[in-house]
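Comments concern the structure below.
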Amino acid sequence: MIRVLHTADLHLSQKEKEYCLSVLKEIVSIAGEEKCTHILICGDLFDRNGEIDPLKDEVKKILGDFGGKILYIPGNHEELGLATGKYPITADLSPLSYPQKGESVKCWTEEIDGVTAEFFGFPFQRNLEDSNIRFKEKKTQYRIALLHGTETELVEYLGPSPEEADSVLDSGPFSEAHFDYLALGHIHSGRSATQGSMIKRYPGSPRVVSSGEFGPRTVTIVSFGKNGTPELREKIVVSAGQYREFSATADLSGKIPELETIRSEFGVTDSVRIRISGIVEDEHTVSAVLKEFEKNCVCRRMEFKTEIKTSAALINNPIAKVFYDKLMERKAAWTGAEPPDWNRVLTIGLEQIEENAGKN
Ligand SMILES: [Mn+2]
């Protein structure tokens with residue numbers, strides 16, 4: 001059986017070196033545990049061309065622990081920072097095997113325990129034209145392509161990121177040439193589709209690259225057995241953590257009680273964004289509270305989005321001022337067992353007064 005670990009879009013960078021190399025290590029160990037015969041890395045292994053040289057020794061060392069073959073194609077990010085037309089990989093990146101300068105495609109023919117497969121690796125091209133691709137008759141049991149770009153059936157919305165709108169892949173020629181599996185890279189969330197008997201798959205990035213990339217990060221394990229149908233499975237990359245978003249409300253005094261619960265809901269490898277809303281007397285108290293919270297948090301990345309209003313700004317309206325003063329009087333005089341949520345009452349009241357200001 002041929003069994004591949006399919007991944008792409010690791011975006012290795014010096015800035016996040018420790019994190020991304022830990023993800024790469026886990027990928028190699030998953031490939032070992034899953035008894036994979038190959039690892040396919042379908043582009044954007046490095047975040048920019050300038051990251052290749054400083055990181056290559058460590059990358060090669062980590063990949064050296066894998067017992068099988070590692071097939072790789074450069075993506076559009078390997079070209080970033082490089083003059084147009086230059087081939088992105090000049091360094092020796094063995095044990096990675098990849099198309100060399102001048103090769104528009106690299107072909108590997110593999111046989112393991114009687115199962116045969118041809119792998120075609122296409123380095124990233126902005127226009128992969130049909131006329132460039134001519135396949136001979138299929139003589140192996142499986143045909144697999146490594147591609148980097150936007151497959152339009154899998155990616156319906158092409159904006160606003162200009163990156164998704166360029167490099168459009170046409171999978172027609174691959175279907176005609178009886179490919180079984182298109183190992184794609186470029187889109188950071190995992191997805192697949194079938195075209196006839198051909199499976200097209202983006203494994204998604206195995207780590208959190210940007211904000212908004214929700215859900216567990218995974219790699220895809222594909223088994224090519226004797227029966228002729230590839231079998232897919234996803235494996236979670238634990239060290240990648242997850243991107244998580246929370247919302248919390250600041251009270252009048254600037255305290256944010258929900259933060260304590262939120263703290264228990266993320267782990268050290270997670271990227272966290274917290275939205276803070278509310279009406280407060282002094283914005284500086286909120287900043288101080290958040291600073292203190294961040295200092296005592298262990299996570300990969302912490303970001304706050306604050307949408308707070310100060311009560312002073314709102315009570316410039318005389319009606320709001322009366323409302324505010326009356327409410328504060330009530331709050332001070334409250335003796336009941338269960339006080340209302342004063343902050344919420346104030347927020348709703350001020351919002352309604354603001355909304356109706358100037359209306360009769
Ligand atoms: Mn890309």
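Letters A, B, ... go to the chains of the structure tokens in the order shown; residues in each chain start at 1; ligands are counted from 1 in the same order.
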When you look at Lys35 (chain A) with a cut-off of 9 Å (counting only C-alpha atoms), what residues show up, excluding the ones that are within fewer than 4 positions of it in the same chain? I need them as a ChimeraX atom specification.
/A:3-4,30-31
Could you take the residues named above and write them with N, CA and C atoms, as a compact mmCIF listing (two decimals), in the first residue's frame?
# COMPACT_ATOMS: atom_id res chain seq x y z
N ARG A 3 0.78 5.00 1.20
CA ARG A 3 -0.01 5.86 2.08
C ARG A 3 0.71 7.20 2.22
N VAL A 4 0.02 8.27 1.86
CA VAL A 4 0.66 9.58 1.91
C VAL A 4 0.08 10.43 3.03
N ILE A 30 3.45 12.18 13.05
CA ILE A 30 2.16 11.60 12.60
C ILE A 30 2.41 10.67 11.41
N ALA A 31 3.24 11.11 10.46
CA ALA A 31 3.53 10.29 9.27
C ALA A 31 4.13 8.95 9.69
Step by step, measure atom-to-atom distances between ligand 1 and each residue using only C-alpha atoms and all ligand atoms, keep those at most 9 Å, then write them as a list in words.
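The neighbouring residues of ligand 1 are, in order, Ala8, Asp9, His11, Gly43, Asp44, Asp47, Gly75, Asn76, His77, Glu78, Phe124, His148, Gly149, Thr150, Glu163, Glu164, Gly185, His186, Ile187 and His188 of chain A.
Pairwise distance (CA of Gln352 (chain A), CA of Phe323 (chain A)) equals 11.2 Å.
Using only C-alpha atoms, the shortest contact distance between Val286 (chain A) and any of A:Gly267, A:Gly241, A:Gly254, A:Gly64 is found at A:Gly254.
Neighbours of Gly81 (chain A) closer than or equal to 10 Å, with only C-alpha atoms counted and sequence neighbours fewer than 3 positions away skipped, come out as Arg48, Asn49, Gly50, Glu51, His77, Glu78, Thr84 and Pro88 of chain A.
Of the residues listed (A:Asn227, A:Thr152, A:Ser277, A:Asn316), A:Asn227 shows the shortest atom-to-atom separation from Gly114 (chain A); distances use only C-alpha atoms.
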Show which residues sit within 10 Å of Glu303 (chain A), as a PyMOL selection string. Count only C-alpha atoms, and ignore same-chain residues fewer than 4 positions away.
chain A and resi 211+245+271-275+290+294
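For the residues A:Ile236, A:Ala117, A:Ile41, A:Val155, ranking by smallest atom-to-atom distance to Gln141 (chain A) using only C-alpha atoms places A:Ala117 first.
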List the neighbours of region 335-345 of chain A out to 9 Å using only C-alpha atoms; skip same-chain residues closer than 2 positions along the sequence, and give me the result as number ranges by chain.
A: 249-252, 278-280, 327-328, 331-333, 347-350
If you count only C-alpha atoms, which residues fall within 12 Å of Ile319 (chain A), apart from same-chain ones fewer than 5 positions away, as number ranges by chain?
A: 314, 324-326, 349-354, 356-358
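If you look at CA of Pro230 (chain A) and CA of Ile199 (chain A), they are 8.3 Å away from each other.
Remark: for Ile70 (chain A), the closest of the candidate residues A:Ile221, A:Cys36, A:Ile144, A:Val105 is A:Cys36 (distances computed over only C-alpha atoms).
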Just the residues within 8 Å of Val209 (chain A), please, counting only C-alpha atoms, with nothing from its chain fewer than 4 positions along; format it as a list of chain:residue names.
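Near Val209 (chain A), the qualifying residues are A:Leu10, A:His11, A:Ser205, A:Glu213.
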Can I get the selection written as a tab-separated table (two decimals), in the first residue's frame, with N, CA and C atoms?
chain	number	residue	atom	x	y	z
A	10	LEU	N	2.32	25.52	5.33
A	10	LEU	CA	2.86	25.59	6.70
A	10	LEU	C	3.40	26.99	7.00
A	11	HIS	N	3.80	27.71	5.96
A	11	HIS	CA	4.27	29.11	6.10
A	11	HIS	C	5.33	29.27	7.20
A	205	SER	N	-4.26	24.46	6.05
A	205	SER	CA	-2.96	24.68	6.70
A	205	SER	C	-2.90	23.86	7.98
A	213	GLU	N	-8.93	31.69	11.21
A	213	GLU	CA	-8.79	30.29	10.76
A	213	GLU	C	-9.24	29.37	11.91
